[in-house]
>>> print(open('query_37.txt').read())   # compact mmCIF, C-alpha atoms
# COMPACT_ATOMS: atom_id res chain seq x y z
CA MET U 28 259.50 121.78 155.77
CA PRO U 29 260.36 118.78 158.02
CA ILE U 30 258.64 115.49 157.23
CA GLN U 31 256.31 114.44 160.03
CA ASN U 32 256.27 110.83 161.15
CA PRO U 33 252.65 109.60 160.99
CA VAL U 34 253.38 106.73 163.39
CA PHE U 35 254.82 109.17 165.96
CA ASN U 36 251.85 111.52 165.56
CA LEU U 37 249.37 108.65 165.98
CA ALA U 38 251.16 107.45 169.11
CA LYS U 39 251.20 111.00 170.50
CA ALA U 40 247.48 111.43 169.86
CA HIS U 41 246.77 108.05 171.46
CA SER U 42 248.83 108.99 174.51
CA SER U 43 247.07 112.36 174.85
CA ALA U 44 243.64 110.70 174.60
CA HIS U 45 244.46 108.50 177.60
CA ARG U 46 245.73 111.29 179.85
CA ARG U 47 243.22 112.15 182.57
CA ARG U 48 242.62 114.72 185.30
CA LEU U 49 240.74 114.33 188.56
CA TYR U 50 239.43 117.52 190.16
CA PHE U 51 238.88 117.75 193.92
CA ILE U 52 236.53 120.22 195.65
CA TYR U 53 237.66 121.80 198.92
CA HIS U 54 235.83 124.51 200.85
CA ARG U 55 237.60 125.77 203.95
CA LEU U 56 240.56 124.92 206.17
CA SER U 57 241.13 125.29 209.91
CA GLU U 58 244.17 125.07 212.15
CA LEU U 59 242.06 123.13 214.67
CA ASP U 60 239.70 120.15 214.37
CA CYS U 61 236.21 121.23 213.38
CA ALA U 62 232.85 119.42 213.23
CA HIS U 63 231.97 121.17 209.96
CA SER U 64 231.64 118.47 207.27
CA TYR U 65 233.58 120.46 204.69
CA THR U 66 236.31 121.91 206.90
CA LEU U 67 239.66 120.13 206.78
CA THR U 68 242.56 120.80 209.09
CA VAL U 69 245.69 122.36 207.63
CA GLU U 70 247.55 119.11 208.24
CA GLN U 71 244.90 117.10 206.37
CA PHE U 72 245.11 119.42 203.39
CA ARG U 73 248.91 119.41 203.44
CA ALA U 74 248.88 115.59 203.39
CA HIS U 75 246.42 115.58 200.46
CA VAL U 76 248.52 118.04 198.48
CA SER U 77 251.62 115.96 199.13
CA VAL U 78 249.86 113.00 197.50
CA PHE U 79 248.89 115.15 194.52
CA SER U 80 252.46 116.32 194.13
CA GLU U 81 253.83 112.76 194.36
CA THR U 82 251.35 111.56 191.74
CA ARG U 83 252.43 114.27 189.32
CA GLN U 84 256.04 113.21 189.67
CA LEU U 85 255.34 109.49 189.24
CA ASP U 86 252.67 109.49 186.53
CA CYS U 87 252.42 112.36 184.06
CA SER U 88 249.36 110.73 182.46
CA PHE U 89 247.20 111.37 185.55
CA LEU U 90 246.95 114.72 187.31
CA SER U 91 244.98 115.68 190.40
CA GLU U 92 243.67 119.24 190.38
CA VAL U 93 242.66 121.33 193.40
CA THR U 94 239.58 123.54 193.39
CA PHE U 95 238.01 125.59 196.20
CA ASP U 96 234.36 126.66 196.35
CA ASP U 97 232.71 129.62 198.16
CA GLY U 98 235.69 131.91 198.90
CA HIS U 99 236.46 131.38 202.59
CA ILE U 100 239.35 133.47 203.95
CA SER U 101 241.27 130.28 204.79
CA ASN U 102 241.71 129.74 201.04
CA LEU U 103 244.21 132.59 201.12
CA ASN U 104 245.65 132.42 204.64
CA LEU U 105 246.02 128.65 204.99
CA ALA U 106 245.67 126.93 201.62
CA LEU U 107 247.75 129.24 199.42
CA PRO U 108 251.09 128.75 201.27
CA ILE U 109 250.69 124.96 201.00
CA LEU U 110 249.89 125.15 197.29
CA GLN U 111 252.86 127.42 196.69
CA ALA U 112 255.20 125.11 198.60
CA HIS U 113 254.27 122.35 196.16
CA HIS U 114 254.21 124.62 193.09
CA LEU U 115 250.53 123.90 192.47
CA THR U 116 247.89 126.16 190.95
CA ALA U 117 244.29 125.81 192.12
CA LYS U 118 240.99 127.17 190.85
CA PHE U 119 239.08 129.31 193.36
CA PHE U 120 235.34 129.64 192.68
CA VAL U 121 233.98 132.52 194.73
CA THR U 122 230.44 133.50 195.70
CA VAL U 123 230.65 137.06 194.42
CA GLY U 124 227.90 138.61 196.58
CA TRP U 125 229.80 137.53 199.70
CA ILE U 126 233.10 139.21 198.76
CA GLY U 127 233.92 141.89 201.35
CA ARG U 128 230.44 141.53 202.86
CA ARG U 129 230.35 138.25 204.72
CA ALA U 130 232.47 137.68 207.81
CA GLY U 131 235.13 135.04 207.36
CA TYR U 132 235.19 135.31 203.57
CA LEU U 133 237.56 136.89 201.09
CA GLY U 134 237.60 140.59 200.33
CA TRP U 135 238.65 142.14 197.04
CA GLN U 136 242.24 142.71 198.20
CA ASP U 137 242.40 139.04 199.19
CA LEU U 138 241.19 137.97 195.76
CA MET U 139 243.74 140.24 194.12
CA ALA U 140 246.44 138.54 196.20
CA LEU U 141 245.26 135.13 194.95
CA ARG U 142 245.22 136.44 191.39
CA ASP U 143 248.69 137.96 191.69
CA SER U 144 250.07 134.69 193.06
CA GLY U 145 249.09 132.95 189.83
CA GLN U 146 245.98 131.17 191.10
CA LYS U 147 242.86 130.93 188.94
CA ILE U 148 239.57 132.66 189.81
CA GLY U 149 236.12 131.55 188.72
CA ALA U 150 232.52 132.34 189.64
CA HIS U 151 230.32 130.45 192.10
CA GLY U 152 227.16 132.44 191.56
CA TRP U 153 226.15 135.67 193.26
CA SER U 154 224.41 134.43 196.41
CA HIS U 155 225.09 130.65 196.45
CA ARG U 156 221.51 129.88 195.45
CA PHE U 157 221.01 126.51 193.80
CA LEU U 158 220.80 127.46 190.14
CA ASN U 159 218.18 124.87 189.21
CA ARG U 160 215.77 126.63 191.58
CA CYS U 161 216.28 130.13 190.14
CA SER U 162 213.82 131.92 187.91
CA ASP U 163 215.18 132.98 184.54
CA GLU U 164 215.63 136.52 185.88
CA ASP U 165 217.45 135.38 189.02
CA LEU U 166 219.55 132.96 186.99
CA GLY U 167 220.77 135.87 184.90
CA ARG U 168 221.92 137.72 188.03
CA GLU U 169 223.63 134.66 189.47
CA LEU U 170 225.55 134.02 186.25
CA LEU U 171 225.94 137.34 184.44
CA GLU U 172 226.31 139.78 187.32
CA SER U 173 228.78 137.59 189.19
CA ARG U 174 230.95 137.25 186.10
CA ARG U 175 230.77 140.96 185.21
CA VAL U 176 231.73 142.11 188.72
CA LEU U 177 234.63 139.64 188.96
CA GLU U 178 236.02 140.76 185.62
CA ASP U 179 235.60 144.46 186.41
CA LYS U 180 237.18 144.25 189.87
CA LEU U 181 240.03 141.87 189.04
CA GLY U 182 240.76 142.84 185.44
CA ILE U 183 240.70 139.22 184.29
CA GLU U 184 238.58 137.14 181.94
CA VAL U 185 236.25 134.81 183.84
CA THR U 186 235.25 131.81 181.73
CA SER U 187 234.52 129.13 184.33
CA MET U 188 231.98 128.73 187.08
CA ALA U 189 231.08 126.07 189.65
CA CYS U 190 227.45 125.25 190.36
CA PRO U 191 226.52 125.89 194.03
CA GLY U 192 225.61 122.60 195.67
CA GLY U 193 226.49 120.88 192.40
CA ARG U 194 222.91 121.57 191.22
CA TYR U 195 222.18 122.11 187.55
CA ASP U 196 219.87 121.05 184.73
CA GLN U 197 219.76 121.64 181.00
CA ARG U 198 218.19 125.10 181.48
CA VAL U 199 221.09 126.07 183.76
CA LEU U 200 223.68 124.76 181.31
CA SER U 201 222.08 126.70 178.45
CA ALA U 202 222.11 129.85 180.60
CA CYS U 203 225.79 129.28 181.43
CA ARG U 204 226.66 129.07 177.73
CA ALA U 205 224.64 132.22 177.04
CA ALA U 206 226.46 134.01 179.89
CA GLY U 207 229.81 133.27 178.25
CA TYR U 208 231.12 130.48 180.45
CA ARG U 209 233.24 127.91 178.63
CA HIS U 210 233.55 125.47 181.55
CA VAL U 211 230.96 124.53 184.18
CA TYR U 212 232.23 122.57 187.19
CA THR U 213 229.94 120.10 188.96
CA SER U 214 230.25 117.52 191.74
CA ILE U 215 230.02 114.43 189.52
CA PRO U 216 232.91 112.23 190.77
CA ARG U 217 234.69 111.26 187.56
CA THR U 218 237.96 111.80 185.76
CA GLU U 219 238.20 114.24 182.87
CA PRO U 220 240.35 114.41 179.74
CA PHE U 221 243.33 116.77 179.73
CA SER U 222 241.52 119.14 177.38
CA GLU U 223 238.76 120.64 179.52
CA CYS U 224 235.20 119.88 178.45
CA PHE U 225 232.25 122.19 178.96
CA LEU U 226 230.91 120.11 181.86
CA VAL U 227 233.62 119.14 184.37
CA GLY U 228 233.19 116.58 187.15
CA ARG U 229 234.87 116.80 190.57
CA VAL U 230 235.23 114.80 193.78
CA ASN U 231 233.75 116.52 196.82
CA VAL U 232 236.22 116.27 199.73
CA ARG U 233 234.76 115.90 203.22
CA SER U 234 236.61 116.13 206.50
CA ASP U 235 236.37 112.36 207.02
CA MET U 236 238.30 111.61 203.81
CA GLY U 237 241.73 110.40 204.88
CA THR U 238 245.03 110.37 203.06
CA GLU U 239 244.66 106.69 202.16
CA GLN U 240 241.40 107.44 200.33
CA ILE U 241 243.12 110.26 198.46
CA ARG U 242 245.84 107.81 197.43
CA GLN U 243 243.22 105.36 196.17
CA LEU U 244 241.55 108.10 194.14
CA ASN U 245 244.92 108.97 192.65
CA SER U 246 245.27 105.44 191.30
CA PRO U 247 243.61 105.36 187.86
CA GLY U 248 241.02 102.62 187.62
CA GLY U 249 240.61 102.35 191.40
CA LYS U 250 237.34 101.12 192.91
CA LEU U 251 236.81 104.07 195.25
CA LEU U 252 235.99 106.53 192.47
CA SER U 253 233.45 104.09 191.03
CA ARG U 254 231.85 103.77 194.46
CA LEU U 255 231.66 107.54 194.88
CA ARG U 256 230.05 107.81 191.45
CA ARG U 257 227.41 105.21 192.38
CA GLN U 258 226.70 107.11 195.60
CA TYR U 259 226.35 110.34 193.62
CA PHE U 260 223.73 108.87 191.30
CA ALA U 261 221.94 107.22 194.24
CA LYS U 262 221.68 110.65 195.88
CA ASN U 263 220.21 112.08 192.68
CA ILE U 264 217.55 109.37 192.68
CA ALA U 265 216.76 110.20 196.32
CA LYS U 266 216.45 113.89 195.45
CA THR U 267 214.01 113.03 192.67
CA LEU U 268 211.87 110.77 194.89
CA LEU U 269 211.87 113.07 197.92
CA THR U 270 212.09 116.34 195.95
CA ASP U 271 215.14 118.57 196.24
CA ARG U 272 213.89 120.61 199.17
CA ILE U 273 212.88 117.68 201.41
CA TYR U 274 216.16 115.88 200.66
CA ASP U 275 218.17 119.00 201.54
CA ARG U 276 216.35 119.51 204.84
CA LEU U 277 217.02 115.92 205.84
CA TRP U 278 220.67 116.12 204.77
CA TRP U 279 221.42 119.32 206.67
CA MET U 280 219.58 117.93 209.72
CA PHE U 281 221.56 114.68 209.94
CA ALA U 282 224.85 115.37 208.14
CA GLY U 283 225.32 119.08 207.62
CA ASN U 284 226.87 119.80 211.02
CA GLY U 285 225.84 123.44 210.88
CA ALA U 286 227.32 123.93 207.42
CA GLU U 287 224.71 126.56 206.50
CA THR U 288 224.79 126.89 202.72
CA GLU U 289 228.23 125.66 201.73
CA GLY U 290 229.05 122.29 200.29
CA ASP U 291 227.17 119.75 198.23
CA PRO U 292 224.40 117.83 200.04
>>> encode(input="query_37.txt", output="structure tokens")
Amino acid sequence: MPIQNPVFNLAKAHSSAHRRRLYFIYHRLSELDCAHSYTLTVEQFRAHVSVFSETRQLDCSFLSEVTFDDGHISNLNLALPILQAHHLTAKFFVTVGWIGRRAGYLGWQDLMALRDSGQKIGAHGWSHRFLNRCSDEDLGRELLESRRVLEDKLGIEVTSMACPGGRYDQRVLSACRAAGYRHVYTSIPRTEPFSECFLVGRVNVRSDMGTEQIRQLNSPGGKLLSRLRRQYFAKNIAKTLLTDRIYDRLWWMFAGNGAETEGDP
């Protein structure tokens, strides 16, 4: 049996502990400019992905990861070719009750194409309801039924889910564990260790986020991520003071740009 070098092993463990990931949330893409807060143009997304690819080549201790929420058809038609050109794998969290039923969203054949291309599929609830507002019975449908249907239709194991609107509480997290999810993705803007934790933070990407901001976020220790995190917690305080429902009505009125139910107010 070869003798292991304890100094080498300690250095390796130290290096691994300092490696970080930063997850980004995208929703939909368009070939034309769009007023929708969470719709990026193809060229914007291509520029972002180029930054991610450059970062991976320059610094193996920091990786940017792409995720998509909701399951818009542009995830397949527009985003996938760009990801493939850069040899990147993304996680696609789909609202299962919309699959093949809602215009402009993925069907089962589309999801199979994403699966067969090597992309990762996760759940985003059944109907995009905010999970912290669900009864225990409805929470079971949003978590259990969505996972069961995805696994049955795609023949894969589904162990991750993203909270619609980034909304969760301890009851929701307990229900996610009970439903068999090993990773729950939120919209807390923070970096994560290389080994995925149960609760995973992500940066929500809006259409007004330029390439320079993406570059700043891809610089470990940058000030922009800290500012986004402060804004996130300030929003949570506002939700508590105004109540969730009043805050959401105000947000969609002034900033939603007709976004209906997608995105994270």
>>> atom_distance(input="query_37.txt", atom1="atom CA of U:Cys224", atom2="atom CA of U:Tyr50")
12.7 Å
>>> residues_around(input="query_37.txt", residues="stretch 167-176 of chain U", least_positions_apart="5", cutoff="8 Å", atoms="only C-alpha atoms", output="short mmCIF file (atom, residue, chain, number, x, y, z; two decimals) with C-alpha atoms, keeping the file's coordinate frame")
data_model
loop_
_atom_site.label_atom_id
_atom_site.label_comp_id
_atom_site.auth_asym_id
_atom_site.auth_seq_id
_atom_site.Cartn_x
_atom_site.Cartn_y
_atom_site.Cartn_z
CA THR U 122 230.44 133.50 195.70
CA VAL U 123 230.65 137.06 194.42
CA GLY U 124 227.90 138.61 196.58
CA ALA U 150 232.52 132.34 189.64
CA HIS U 151 230.32 130.45 192.10
CA GLY U 152 227.16 132.44 191.56
CA TRP U 153 226.15 135.67 193.26
CA SER U 154 224.41 134.43 196.41
CA ARG U 156 221.51 129.88 195.45
CA LEU U 158 220.80 127.46 190.14
CA VAL U 185 236.25 134.81 183.84
CA ALA U 202 222.11 129.85 180.60
CA CYS U 203 225.79 129.28 181.43
CA ALA U 206 226.46 134.01 179.89
#
>>> atom_distance(input="query_37.txt", atom1="atom CA of U:Glu70", atom2="atom CA of U:Leu141")
20.9 Å
>>> residues_around(input="query_37.txt", residues="U:Gly228", least_positions_apart="4", cutoff="6 Å", atoms="all atoms listed in the file", output="list in words")
Thr213, Ser214, Ile215, Pro216 and Arg217 of chain U
>>> atom_distance(input="query_37.txt", atom1="atom CA of U:Arg254", atom2="atom CA of U:Thr238")
17.1 Å
>>> closest_residue(input="query_37.txt", among="U:Arg47, U:Arg129, U:His54, U:Lys262", to="U:Val232", atoms="all atoms listed in the file")
U:His54
>>> residues_around(input="query_37.txt", residues="U:Leu103", least_positions_apart="6", cutoff="12 Å", atoms="only C-alpha atoms", output="list in words")
His54, Arg55, Leu56, Ser57, Phe95, Ile109, Leu110, Gln111, Ala117, Phe119, Gly131, Tyr132, Leu133, Gly134, Trp135, Gln136, Asp137, Leu138, Met139, Ala140, Leu141, Arg142, Asp143, Ser144 and Gln146 of chain U
>>> closest_residue(input="query_37.txt", among="U:His99, U:Arg160, U:Arg48, U:Lys180", to="U:Arg128", atoms="all atoms listed in the file")
U:His99
>>> closest_residue(input="query_37.txt", among="U:Lys118, U:Arg73, U:His155, U:His210", to="U:Ile52", atoms="all atoms listed in the file")
U:Lys118
>>> closest_residue(input="query_37.txt", among="U:Cys190, U:Met236, U:Leu226, U:Leu166", to="U:Ala205", atoms="all atoms listed in the file")
U:Leu166
>>> closest_residue(input="query_37.txt", among="U:Ser101, U:Ser77, U:Thr82, U:Ser222", to="U:Arg46", atoms="all atoms listed in the file")
U:Ser222
>>> closest_residue(input="query_37.txt", among="U:Leu85, U:Leu255, U:Ile148, U:Val227", to="U:Gln240", atoms="only C-alpha atoms")
U:Leu255
